[in-house]
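Listing of protein_26.csv; format and content: CSV, C-alpha atoms.
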chain,number,residue,atom,x,y,z
F,378,MET,CA,77.9,26.9,-1.7
F,379,ALA,CA,75.0,25.5,0.2
F,380,VAL,CA,71.5,26.8,-0.2
F,381,ASP,CA,69.3,26.7,2.8
F,382,GLU,CA,66.0,28.2,3.8
F,383,SER,CA,67.5,30.8,6.1
F,384,GLY,CA,69.1,32.6,3.3
F,385,GLN,CA,72.5,32.5,5.1
F,386,ALA,CA,74.2,31.3,1.9
F,387,PHE,CA,73.4,32.0,-1.7
F,388,HIS,CA,74.1,30.3,-4.9
F,389,HIS,CA,73.4,31.4,-8.4
F,390,PRO,CA,73.9,29.5,-11.7
F,391,ILE,CA,76.2,32.2,-13.0
F,392,TYR,CA,78.7,31.3,-10.3
F,393,SER,CA,79.2,27.8,-11.4
F,394,PHE,CA,79.5,29.0,-15.0
F,395,LEU,CA,82.2,31.5,-14.1
F,396,GLU,CA,84.0,29.1,-11.9
F,397,LYS,CA,84.3,26.6,-14.7
F,398,MET,CA,85.7,29.0,-17.4
F,399,PRO,CA,89.4,29.7,-17.0
F,400,GLY,CA,90.1,33.3,-16.2
F,401,LEU,CA,86.5,34.2,-15.8
F,402,SER,CA,86.7,33.6,-12.0
F,403,LEU,CA,88.2,37.1,-11.8
F,404,GLY,CA,84.8,38.4,-12.9
F,405,LEU,CA,83.1,36.8,-9.9
F,406,THR,CA,83.5,40.0,-7.8
F,407,THR,CA,82.1,42.2,-10.5
F,408,ALA,CA,79.3,39.7,-11.3
F,409,ASP,CA,78.5,39.6,-7.6
F,410,GLN,CA,78.1,43.4,-7.5
F,411,LEU,CA,76.0,43.3,-10.6
F,412,LEU,CA,73.7,40.6,-9.2
F,413,THR,CA,73.5,42.5,-5.9
F,414,TRP,CA,72.6,45.7,-7.6
F,415,GLY,CA,70.1,43.9,-9.8
F,416,SER,CA,68.3,41.8,-7.3
F,417,SER,CA,68.1,44.5,-4.6
F,418,ASN,CA,66.6,46.9,-7.1
F,419,SER,CA,64.1,44.6,-8.7
F,420,LEU,CA,62.3,42.9,-5.8
F,421,PHE,CA,59.2,41.3,-7.3
F,422,ILE,CA,56.7,40.9,-4.5
F,423,PHE,CA,54.3,38.0,-4.0
F,424,PRO,CA,51.4,39.5,-2.0
F,425,MET,CA,50.3,36.9,0.5
F,426,ALA,CA,47.5,39.3,1.5
F,427,THR,CA,44.8,37.8,3.7
F,428,SER,CA,43.3,40.8,5.5
F,429,CYS,CA,43.4,44.6,6.0
F,430,CYS,CA,47.2,44.8,5.7
F,431,GLY,CA,46.5,43.7,2.1
F,432,ILE,CA,44.6,47.0,1.5
F,433,GLU,CA,47.6,49.0,2.7
F,434,PHE,CA,49.7,46.9,0.4
F,435,MET,CA,47.4,47.7,-2.5
F,436,ALA,CA,47.7,51.4,-1.6
F,437,ALA,CA,51.5,51.1,-1.5
F,438,SER,CA,51.5,49.5,-4.9
F,439,SER,CA,49.2,52.0,-6.6
F,440,GLY,CA,49.7,55.5,-7.9
F,441,ARG,CA,50.2,57.7,-4.9
F,442,PHE,CA,53.0,55.7,-3.3
F,443,ASP,CA,54.1,53.6,-6.2
F,444,LEU,CA,56.1,50.5,-5.3
F,445,ASP,CA,57.5,50.6,-8.9
F,446,GLN,CA,59.7,53.6,-8.0
F,447,ILE,CA,62.0,51.2,-6.1
F,448,GLY,CA,61.6,48.5,-8.8
F,449,SER,CA,59.1,46.4,-7.0
F,450,ILE,CA,55.9,45.2,-8.6
F,451,PRO,CA,53.4,42.7,-7.2
F,452,ARG,CA,53.4,39.4,-9.1
F,453,GLY,CA,50.5,37.1,-8.8
F,454,THR,CA,52.6,34.0,-8.9
F,455,PRO,CA,55.2,32.6,-6.5
F,456,ARG,CA,57.3,31.3,-9.3
F,457,GLN,CA,58.3,34.7,-10.5
F,458,SER,CA,58.7,36.5,-7.2
F,459,ASP,CA,61.6,37.3,-4.9
F,460,VAL,CA,59.8,38.6,-1.8
F,461,MET,CA,56.8,37.2,-0.1
F,462,VAL,CA,54.9,39.9,1.8
F,463,ILE,CA,52.7,38.2,4.4
F,464,ALA,CA,50.1,40.8,5.0
F,465,GLY,CA,47.4,39.6,7.4
F,466,THR,CA,46.3,37.1,9.9
F,467,ILE,CA,47.4,33.6,9.0
F,468,THR,CA,45.1,30.8,10.3
F,469,VAL,CA,46.0,27.3,11.2
F,470,LYS,CA,44.3,26.0,8.0
F,471,MET,CA,46.0,28.7,5.9
F,472,ALA,CA,49.5,28.1,7.2
F,473,PRO,CA,50.4,25.0,5.1
F,474,ARG,CA,49.2,26.8,2.0
F,475,VAL,CA,51.4,29.7,2.8
F,476,LYS,CA,54.3,27.4,3.4
F,477,LYS,CA,53.7,25.6,0.1
F,478,LEU,CA,53.6,28.9,-1.8
F,479,TRP,CA,56.9,29.8,0.0
F,480,ASP,CA,58.4,26.6,-1.1
F,481,GLN,CA,57.4,27.2,-4.7
F,482,MET,CA,59.4,30.5,-4.8
F,483,PRO,CA,62.8,30.1,-6.4
F,484,GLU,CA,66.0,31.1,-4.6
F,485,PRO,CA,67.1,33.7,-3.7
F,486,LYS,CA,64.0,34.6,-1.8
F,487,TRP,CA,63.0,36.8,1.1
F,488,ALA,CA,60.0,37.2,3.3
F,489,ILE,CA,58.5,40.2,5.0
F,490,ALA,CA,56.0,39.9,7.8
F,491,MET,CA,53.7,42.9,7.4
F,492,GLY,CA,51.6,44.0,10.4
F,493,SER,CA,51.1,42.7,13.9
F,494,CYS,CA,49.0,39.7,12.9
F,495,ALA,CA,51.7,38.2,10.7
F,496,ILE,CA,54.4,39.1,13.3
F,497,SER,CA,52.8,37.6,16.4
F,498,GLY,CA,49.1,37.0,15.9
F,499,ASP,CA,48.6,40.1,18.0
F,500,PHE,CA,45.2,40.1,19.8
F,501,TYR,CA,44.0,37.2,17.7
F,502,ARG,CA,46.8,35.1,19.0
F,503,ASP,CA,44.9,33.3,21.7
F,504,ILE,CA,42.2,32.2,19.3
F,505,TYR,CA,42.2,28.5,18.6
F,506,SER,CA,42.5,29.0,14.8
F,507,VAL,CA,45.2,31.6,14.6
F,508,VAL,CA,49.0,31.1,14.1
F,509,PRO,CA,50.9,33.1,16.7
F,510,GLY,CA,53.3,34.6,14.2
F,511,VAL,CA,54.3,33.3,10.8
F,512,ASP,CA,57.9,32.9,11.9
F,513,THR,CA,56.7,29.8,13.7
F,514,PHE,CA,56.6,28.0,10.4
F,515,MET,CA,58.8,29.9,7.9
F,516,PRO,CA,61.8,32.2,8.1
F,517,ILE,CA,61.2,36.0,8.1
F,518,ASP,CA,63.8,38.6,7.0
F,519,VAL,CA,62.1,41.8,7.8
F,520,TYR,CA,59.3,42.7,10.3
F,521,VAL,CA,57.1,45.7,9.5
F,522,PRO,CA,55.2,46.5,12.6
F,523,GLY,CA,51.9,48.3,12.6
F,524,CYS,CA,48.2,47.6,12.6
F,525,PRO,CA,48.1,48.0,9.7
F,526,PRO,CA,51.4,49.6,8.7
F,527,ASN,CA,51.3,52.7,6.5
F,528,PRO,CA,52.6,52.3,3.0
F,529,ASP,CA,55.6,54.4,4.2
F,530,GLN,CA,56.4,51.8,6.7
F,531,LEU,CA,56.2,49.0,4.1
F,532,PHE,CA,58.6,51.1,2.0
F,533,ALA,CA,60.9,51.4,5.0
F,534,GLY,CA,60.8,47.7,5.4
F,535,LEU,CA,61.7,47.1,1.7
F,536,ARG,CA,64.6,49.6,2.1
F,537,ARG,CA,65.8,47.6,5.1
F,538,LEU,CA,65.6,44.4,3.0
F,539,GLN,CA,67.6,46.0,0.2
F,540,GLU,CA,70.3,47.0,2.7
F,541,LYS,CA,70.3,43.5,4.1
F,542,ILE,CA,70.7,42.0,0.6
F,543,ARG,CA,73.6,44.4,-0.2
F,544,ALA,CA,75.3,43.8,3.1
F,545,LYS,CA,75.0,40.0,2.7
F,546,ARG,CA,76.5,40.0,-0.8
F,547,ASN,CA,79.3,42.2,0.4
F,548,GLY,CA,80.1,39.6,3.1
F,549,GLU,CA,79.0,41.8,6.0
F,550,TRP,CA,77.1,40.3,8.9
F,551,THR,CA,73.6,41.7,9.5
F,552,ASP,CA,71.9,40.9,12.8
F,553,PRO,CA,68.6,39.1,12.5
F,554,GLU,CA,65.8,41.4,13.0
F,555,LEU,CA,64.3,41.4,16.4
F,556,ARG,CA,60.8,40.2,16.5
F,557,PRO,CA,58.7,43.1,17.7
F,558,ASP,CA,56.7,41.0,20.1
F,559,THR,CA,53.7,41.9,22.2
F,560,PRO,CA,54.4,41.4,25.9
F,561,GLY,CA,51.9,40.0,28.4
F,562,LEU,CA,50.0,37.7,26.1
F,563,ARG,CA,49.1,34.3,27.6
F,564,SER,CA,49.5,32.0,24.7
F,565,PRO,CA,52.6,29.7,24.7
F,566,ASN,CA,55.3,31.4,22.7
F,567,LEU,CA,56.3,29.0,20.0
F,568,PRO,CA,60.1,29.2,19.3
F,569,ARG,CA,60.9,30.7,15.9
F,570,ILE,CA,62.7,28.8,13.1
F,571,GLY,CA,66.4,28.6,14.0
F,572,ASP,CA,65.8,28.9,17.8
F,573,PRO,CA,67.6,26.0,19.6
F,574,ARG,CA,64.6,25.6,22.0
F,575,ARG,CA,62.4,24.7,19.0
F,576,GLU,CA,61.3,21.0,19.0
F,577,ALA,CA,62.1,19.0,16.0
F,578,SER,CA,58.7,17.5,16.0
F,579,LEU,CA,57.2,20.8,15.1
F,580,ASP,CA,59.2,20.9,11.8
F,581,GLU,CA,58.2,17.3,11.1
F,582,ALA,CA,54.5,17.9,11.7
F,583,GLN,CA,54.7,20.9,9.4
F,584,LEU,CA,56.4,19.0,6.7
F,585,ASP,CA,53.7,16.3,6.9
F,586,ALA,CA,51.0,18.9,6.7
F,587,VAL,CA,52.5,20.5,3.6
F,588,MET,CA,53.2,17.3,1.8
F,589,ASN,CA,49.7,15.8,2.5
F,590,LEU,CA,47.9,18.9,1.5
F,591,ASP,CA,44.8,18.0,-0.5
F,592,PRO,CA,44.4,20.7,-3.1
F,593,GLY,CA,40.8,21.7,-3.3
F,594,GLY,CA,39.6,18.8,-1.3
F,595,GLY,CA,37.5,21.0,1.0
F,596,MET,CA,36.0,22.7,-2.0
F,597,LEU,CA,33.9,19.8,-3.2
F,598,ARG,CA,30.2,20.4,-3.1
F,599,SER,CA,28.3,17.9,-1.0
F,600,GLY,CA,26.7,16.3,-4.0
F,601,ASP,CA,30.1,15.7,-5.7
F,602,LYS,CA,31.4,13.3,-3.0
F,603,SER,CA,30.9,9.7,-3.9
Q,1133,MET,CA,6.6,43.4,14.7
Q,1134,SER,CA,3.2,41.9,14.8
Q,1135,THR,CA,2.7,38.3,13.9
Q,1136,PRO,CA,0.8,37.8,10.6
Q,1137,ASP,CA,-2.5,36.1,10.9
Q,1138,ASP,CA,-1.8,33.1,8.7
Q,1139,LEU,CA,1.4,32.4,10.7
Q,1140,ALA,CA,-0.4,32.7,14.0
Q,1141,SER,CA,-3.2,30.4,12.9
Q,1142,LEU,CA,-0.7,27.9,11.5
Q,1143,LEU,CA,1.2,27.8,14.8
Q,1144,ARG,CA,-1.8,27.6,17.0
Q,1145,GLU,CA,-3.8,25.1,15.0
Q,1146,GLY,CA,-1.1,22.9,13.5
Q,1147,PHE,CA,1.5,22.9,16.2
Q,1148,ASP,CA,-0.2,24.1,19.4
Q,1149,LEU,CA,2.4,26.9,19.8
Q,1150,GLU,CA,1.9,30.5,20.9
Q,1151,PRO,CA,3.6,33.0,18.5
Q,1152,ALA,CA,6.9,34.0,20.0
Q,1153,ASP,CA,10.4,35.1,18.9
Q,1154,PRO,CA,11.9,32.6,18.9
Q,1155,LEU,CA,9.6,29.7,19.1
Q,1156,THR,CA,10.8,26.6,20.9
Q,1157,VAL,CA,10.0,23.4,19.0
Q,1158,ASP,CA,10.4,19.8,19.9
Q,1159,ARG,CA,13.0,17.9,17.8
Q,1160,SER,CA,10.4,15.5,16.4
Q,1161,ARG,CA,8.3,18.2,14.8
Q,1162,VAL,CA,11.0,20.6,13.5
Q,1163,VAL,CA,11.0,19.3,9.9
Q,1164,GLU,CA,7.3,19.3,9.7
Q,1165,LEU,CA,7.2,22.9,11.0
Q,1166,ALA,CA,9.8,24.1,8.5
Q,1167,ARG,CA,7.9,22.5,5.7
Q,1168,SER,CA,4.6,24.1,6.8
Q,1169,LEU,CA,6.3,27.5,7.1
Q,1170,LYS,CA,7.7,27.1,3.6
Q,1171,GLY,CA,4.2,26.2,2.4
Q,1172,ILE,CA,2.9,29.6,3.6
Q,1173,GLY,CA,5.7,31.6,2.0
Q,1174,PHE,CA,8.6,31.5,4.4
Q,1175,GLU,CA,11.0,30.5,1.7
Q,1176,TYR,CA,14.1,32.4,2.5
Q,1177,PHE,CA,16.4,30.5,4.9
Q,1178,SER,CA,18.1,33.3,6.7
Q,1179,TYR,CA,20.4,31.5,9.0
Q,1180,CYS,CA,21.0,28.5,11.3
Q,1181,ALA,CA,23.1,29.1,14.4
Q,1182,ALA,CA,24.0,27.0,17.5
Q,1183,ALA,CA,25.3,27.5,21.0
Q,1184,HIS,CA,26.4,25.2,23.7
Q,1185,TYR,CA,25.1,25.2,27.2
Q,1186,PRO,CA,26.9,23.2,29.9
Q,1187,ALA,CA,25.0,21.0,32.3
Q,1188,THR,CA,23.2,22.7,35.2
Q,1189,ASP,CA,21.2,21.3,38.1
Q,1190,ALA,CA,18.0,21.5,36.0
Q,1191,ASP,CA,19.2,20.7,32.5
Q,1192,PRO,CA,21.7,18.3,31.0
Q,1193,ASP,CA,24.6,19.3,28.8
Q,1194,ARG,CA,23.0,20.5,25.5
Q,1195,THR,CA,23.2,22.7,22.5
Q,1196,VAL,CA,20.5,24.9,21.1
Q,1197,VAL,CA,20.0,25.4,17.3
Q,1198,GLU,CA,18.1,28.4,16.1
Q,1199,TYR,CA,16.7,28.7,12.6
Q,1200,ARG,CA,15.3,31.9,11.1
Q,1201,LEU,CA,13.1,32.0,8.0
Q,1202,ARG,CA,11.9,35.0,6.1
Q,1203,ARG,CA,9.0,35.8,3.9
Q,1204,LEU,CA,10.1,38.8,1.9
Q,1205,PRO,CA,9.8,41.6,2.2
Q,1206,ARG,CA,9.3,41.8,6.0
Q,1207,ASP,CA,7.8,38.8,7.8
Q,1208,GLU,CA,10.2,36.6,9.7
Q,1209,VAL,CA,9.9,33.7,12.1
Q,1210,ALA,CA,12.6,32.0,14.3
Q,1211,PHE,CA,12.4,28.7,16.0
Q,1212,ARG,CA,14.9,26.9,18.2
Q,1213,VAL,CA,15.6,23.3,19.0
Q,1214,TRP,CA,17.3,22.0,22.2
Q,1215,VAL,CA,19.6,19.0,21.6
Q,1216,PRO,CA,21.1,17.1,24.5
Q,1217,THR,CA,24.7,16.2,23.9
Q,1218,GLY,CA,25.1,12.8,22.5
Q,1219,GLU,CA,21.7,13.0,20.6
Q,1220,SER,CA,20.9,14.4,17.3
Q,1221,THR,CA,18.3,16.7,15.7
Q,1222,PRO,CA,16.8,16.2,12.2
Q,1223,SER,CA,18.5,18.1,9.4
Q,1224,LEU,CA,16.5,20.7,7.5
Q,1225,CYS,CA,18.5,20.0,4.3
Q,1226,GLY,CA,15.5,18.2,2.8
Q,1227,VAL,CA,13.4,21.3,3.1
Q,1228,PHE,CA,16.0,24.1,2.5
Q,1229,ALA,CA,19.0,23.3,0.4
Q,1230,GLY,CA,20.7,26.3,1.9
Q,1231,ALA,CA,20.8,24.6,5.3
Q,1232,ASP,CA,23.5,22.2,4.2
Q,1233,TRP,CA,26.6,24.3,4.7
Q,1234,GLN,CA,25.2,26.2,7.7
Q,1235,GLU,CA,24.4,23.0,9.6
Q,1236,ARG,CA,27.9,21.7,8.7
Q,1237,GLU,CA,29.3,24.9,10.2
Q,1238,GLN,CA,27.3,24.3,13.5
Q,1239,TYR,CA,28.5,20.7,13.6
Q,1240,ASP,CA,32.1,21.9,13.0
Q,1241,LEU,CA,32.3,24.6,15.6
Q,1242,VAL,CA,29.7,23.6,18.3
Q,1243,GLY,CA,29.3,19.9,17.7
Q,1244,THR,CA,25.6,19.5,17.1
Q,1245,VAL,CA,24.9,16.3,15.2
Q,1246,PHE,CA,22.3,16.6,12.5
Q,1247,ALA,CA,20.6,13.3,11.6
Q,1248,ASP,CA,20.0,12.6,7.9
Q,1249,HIS,CA,22.4,15.3,6.9
Q,1250,PRO,CA,23.7,14.3,3.4
Q,1251,ASP,CA,27.3,15.3,4.1
Q,1252,LEU,CA,28.1,16.0,7.7
Q,1253,ARG,CA,31.8,16.9,7.6
Q,1254,ARG,CA,33.9,19.8,8.9
Q,1255,ILE,CA,33.6,22.9,6.7
Q,1256,MET,CA,35.8,25.6,8.3
Q,1257,LEU,CA,38.4,23.9,10.4
Q,1258,PRO,CA,41.0,21.5,9.1
Q,1259,GLU,CA,39.6,18.0,8.5
Q,1260,ASP,CA,41.8,16.4,11.3
Q,1261,TRP,CA,40.9,18.9,14.0
Q,1262,GLU,CA,40.0,17.4,17.3
Q,1263,GLY,CA,37.1,18.8,19.3
Q,1264,HIS,CA,34.6,21.6,18.6
Q,1265,PRO,CA,36.2,24.9,19.7
Q,1266,LEU,CA,33.1,26.9,20.4
Q,1267,ARG,CA,31.9,24.5,23.1
Q,1268,ARG,CA,32.1,25.8,26.7
Q,1269,ASP,CA,34.2,22.8,27.7
Q,1270,TYR,CA,36.8,23.4,25.0
Q,1271,ALA,CA,39.9,24.4,26.9
Q,1272,ILE,CA,41.3,27.7,25.6
Q,1273,ASP,CA,44.9,26.5,26.1
Q,1274,THR,CA,44.4,23.3,24.1
Q,1275,ARG,CA,47.7,22.5,22.5
Q,1276,HIS,CA,47.8,22.2,18.7
Q,1277,HIS,CA,50.4,22.7,16.0
Q,1278,PRO,CA,50.3,26.1,14.5
Q,1279,TRP,CA,49.6,24.5,11.1
Q,1280,ARG,CA,47.3,21.8,9.8
Translate the structure of the given file into structure tokens.
Amino acid sequence: MAVDESGQAFHHPIYSFLEKMPGLSLGLTTADQLLTWGSSNSLFIFPMATSCCGIEFMAASSGRFDLDQIGSIPRGTPRQSDVMVIAGTITVKMAPRVKKLWDQMPEPKWAIAMGSCAISGDFYRDIYSVVPGVDTFMPIDVYVPGCPPNPDQLFAGLRRLQEKIRAKRNGEWTDPELRPDTPGLRSPNLPRIGDPRREASLDEAQLDAVMNLDPGGGMLRSGDKS
Amino acid sequence: MSTPDDLASLLREGFDLEPADPLTVDRSRVVELARSLKGIGFEYFSYCAAAHYPATDADPDRTVVEYRLRRLPRDEVAFRVWVPTGESTPSLCGVFAGADWQEREQYDLVGTVFADHPDLRRIMLPEDWEGHPLRRDYAIDTRHHPWR
């Protein structure tokens, strides 16, 4: 089974193990159900929180709303997370960093765009430094609209993601979420990932930017440079 | 706010300026003015800000840089420098170390060039950005990739 970024196909090491052992392939269906149950009920969240949506995310993860009740906890590392919640405005300079963190997350992985800024840039969209929607550089599974969304809405988004995961593992087709776009904005609408109108040069430029990222290069004090 | 006596006398006698908010200083004397102000206690470098003015009939295309210094708890003085586009203004890094990053920010966004700045690079925008986006002649629909 192929693994690609869009999450259309899924591969887990347990499959190859079961396929190799005679007789155990019968267990594939059951193992699949077990994996589905497990992964949809223990979504560890990587909070890519850059602005005020992050505050709502913190509220959702703390006592009153309690993300833990659906098995989700925020993890401060991309390598042990299943879901990236992009909560906040992503700037042009931040975008390759977000993409790099997304690439560091192990499969299977999902992404939630939380709030209008992550979805479309909203009213910051025409500013020179703001990305008009994070789905211009990475695939998004669930959009949670709002400015910022309530914790309840984030929960609803996670519920939708769980349903998506279950449906996909059961072989059912789920329609891609419609991007809740803001009409009437002037900025050129960049095609999303997977859109046939998207230019290939965009992907190449993005790959360049991620691969040539200089970690901490901008953080040097002026005296350090020599 | 009334001008303190020592400030007024320094400006009148040393620099031939009437106290105002802000003062307008010639580029050639700005470092000297900053050093004198620091000498009478204006040691807190509050901010440095710049803006771009396009060419008019009377004036060429230029930017203005404004500095504000404070003498805690309450005295403050502001002075501004006009810099025609294509020329440079002396950096105040030699007098106030805090001017370093703030002048870099003005260079990054407005495009004012500070002569003798120890490290005049972009500070906020990505290193390979083209143009200075807070200039009036920066087109709002300038195409760029959504990532850098």
For chain F against chain Q, with a cut-off of 7 Å and counting all atoms listed in the file, what is the closest atom pair and its distance in Å to one decimal for every residue that makes the cut, ordered by chain and number, as a tab-separated table?
residue	atom	partner	partner_atom	distance
F:Val469	CA	Q:Trp1279	CA	4.6
F:Lys470	CA	Q:Arg1280	CA	5.5
F:Ala472	CA	Q:Trp1279	CA	5.3
F:Pro473	CA	Q:Trp1279	CA	6.1
F:Val508	CA	Q:Pro1278	CA	5.2
F:Gln583	CA	Q:Trp1279	CA	6.5
F:Ala586	CA	Q:Arg1280	CA	5.6
F:Ser599	CA	Q:Asp1251	CA	5.8
Practice prompt. Please write as an MDAnalysis selection string the list of polymer residues whose atoms come within 12 Å of (24.9, 26.8, 6.9), counting only C-alpha atoms and keeping to the coordinates of the file.
Written response: chainID Q and resid 1177:1182 1197:1200 1223:1225 1228:1241 1246 1249 1252 1254:1256
Print the selection's residues with C-alpha atoms to a file, as a tab-separated table (two decimals), in the coordinates of the input.
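Written out: part_7.tsv:
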chain	number	residue	atom	x	y	z
Q	1177	PHE	CA	16.40	30.50	4.90
Q	1178	SER	CA	18.10	33.30	6.70
Q	1179	TYR	CA	20.40	31.50	9.00
Q	1180	CYS	CA	21.00	28.50	11.30
Q	1181	ALA	CA	23.10	29.10	14.40
Q	1182	ALA	CA	24.00	27.00	17.50
Q	1197	VAL	CA	20.00	25.40	17.30
Q	1198	GLU	CA	18.10	28.40	16.10
Q	1199	TYR	CA	16.70	28.70	12.60
Q	1200	ARG	CA	15.30	31.90	11.10
Q	1223	SER	CA	18.50	18.10	9.40
Q	1224	LEU	CA	16.50	20.70	7.50
Q	1225	CYS	CA	18.50	20.00	4.30
Q	1228	PHE	CA	16.00	24.10	2.50
Q	1229	ALA	CA	19.00	23.30	0.40
Q	1230	GLY	CA	20.70	26.30	1.90
Q	1231	ALA	CA	20.80	24.60	5.30
Q	1232	ASP	CA	23.50	22.20	4.20
Q	1233	TRP	CA	26.60	24.30	4.70
Q	1234	GLN	CA	25.20	26.20	7.70
Q	1235	GLU	CA	24.40	23.00	9.60
Q	1236	ARG	CA	27.90	21.70	8.70
Q	1237	GLU	CA	29.30	24.90	10.20
Q	1238	GLN	CA	27.30	24.30	13.50
Q	1239	TYR	CA	28.50	20.70	13.60
Q	1240	ASP	CA	32.10	21.90	13.00
Q	1241	LEU	CA	32.30	24.60	15.60
Q	1246	PHE	CA	22.30	16.60	12.50
Q	1249	HIS	CA	22.40	15.30	6.90
Q	1252	LEU	CA	28.10	16.00	7.70
Q	1254	ARG	CA	33.90	19.80	8.90
Q	1255	ILE	CA	33.60	22.90	6.70
Q	1256	MET	CA	35.80	25.60	8.30
Practice prompt. Record the distance separating atom CA of F:Ala488 and atom CA of F:Gly465, expressed in Å with one decimal.
Written response: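 Computing it gives 13.5 Å between the two atoms.
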Fill in: Between atom CA of F:Arg441 and atom CA of F:Met461, distance in Å (one decimal)
22.1 Å
Item to complete: Could you tell me how far atom CA of F:Gly415 lies from atom CA of F:Pro455, in Å and to one decimal?
Response: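 A separation of 19.0 Å between them.
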Item to complete: Go through Q:Arg1202, Q:Arg1159, Q:Lys1170, Q:Arg1268 and flag the residue nearest Q:Val1215, using all atoms listed in the file for the distances.
Response: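 Closest to Q:Val1215 of all the choices is Q:Arg1159.
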Worksheet item: Residues at most 9 Å from F:Ala495, counting only C-alpha atoms, excluding those fewer than 2 positions away in the same chain, as a ChimeraX atom specification?
Response: /F:463-467,490-493,497-499,508-512,520
For the residues selected in the previous step, produce a file with C-alpha atoms as a JSON list (two decimals), keeping the file's coordinate frame.
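Saved result, out37.json, follows:
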[["chain", "number", "residue", "atom", "x", "y", "z"],
["F", 463, "ILE", "CA", 52.70, 38.20, 4.40],
["F", 464, "ALA", "CA", 50.10, 40.80, 5.00],
["F", 465, "GLY", "CA", 47.40, 39.60, 7.40],
["F", 466, "THR", "CA", 46.30, 37.10, 9.90],
["F", 467, "ILE", "CA", 47.40, 33.60, 9.00],
["F", 490, "ALA", "CA", 56.00, 39.90, 7.80],
["F", 491, "MET", "CA", 53.70, 42.90, 7.40],
["F", 492, "GLY", "CA", 51.60, 44.00, 10.40],
["F", 493, "SER", "CA", 51.10, 42.70, 13.90],
["F", 497, "SER", "CA", 52.80, 37.60, 16.40],
["F", 498, "GLY", "CA", 49.10, 37.00, 15.90],
["F", 499, "ASP", "CA", 48.60, 40.10, 18.00],
["F", 508, "VAL", "CA", 49.00, 31.10, 14.10],
["F", 509, "PRO", "CA", 50.90, 33.10, 16.70],
["F", 510, "GLY", "CA", 53.30, 34.60, 14.20],
["F", 511, "VAL", "CA", 54.30, 33.30, 10.80],
["F", 512, "ASP", "CA", 57.90, 32.90, 11.90],
["F", 520, "TYR", "CA", 59.30, 42.70, 10.30]]
Worksheet item: Pick from F:Pro390, F:Pro483, F:Gly448, F:Pro399: nearest to F:Asn418, with only C-alpha atoms counted?
Response: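 Closest candidate: F:Gly448.
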Worksheet item: Could you pull the residues within 8 Å of F:Asp459, counting all atoms listed in the file, minus those fewer than 6 positions along the same chain, as number ranges by chain?
Response: F: 420-423, 482-487
Worksheet entry | Neighbours of point (13.3, 17.9, 13.6) within 7 Å, using all atoms listed in the file, written as a list of chain:residue names |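 Residues with an atom at most 7 Å from (13.3, 17.9, 13.6): Q:Arg1159, Q:Ser1160, Q:Arg1161, Q:Val1162, Q:Val1163, Q:Thr1221, Q:Pro1222, Q:Ser1223.
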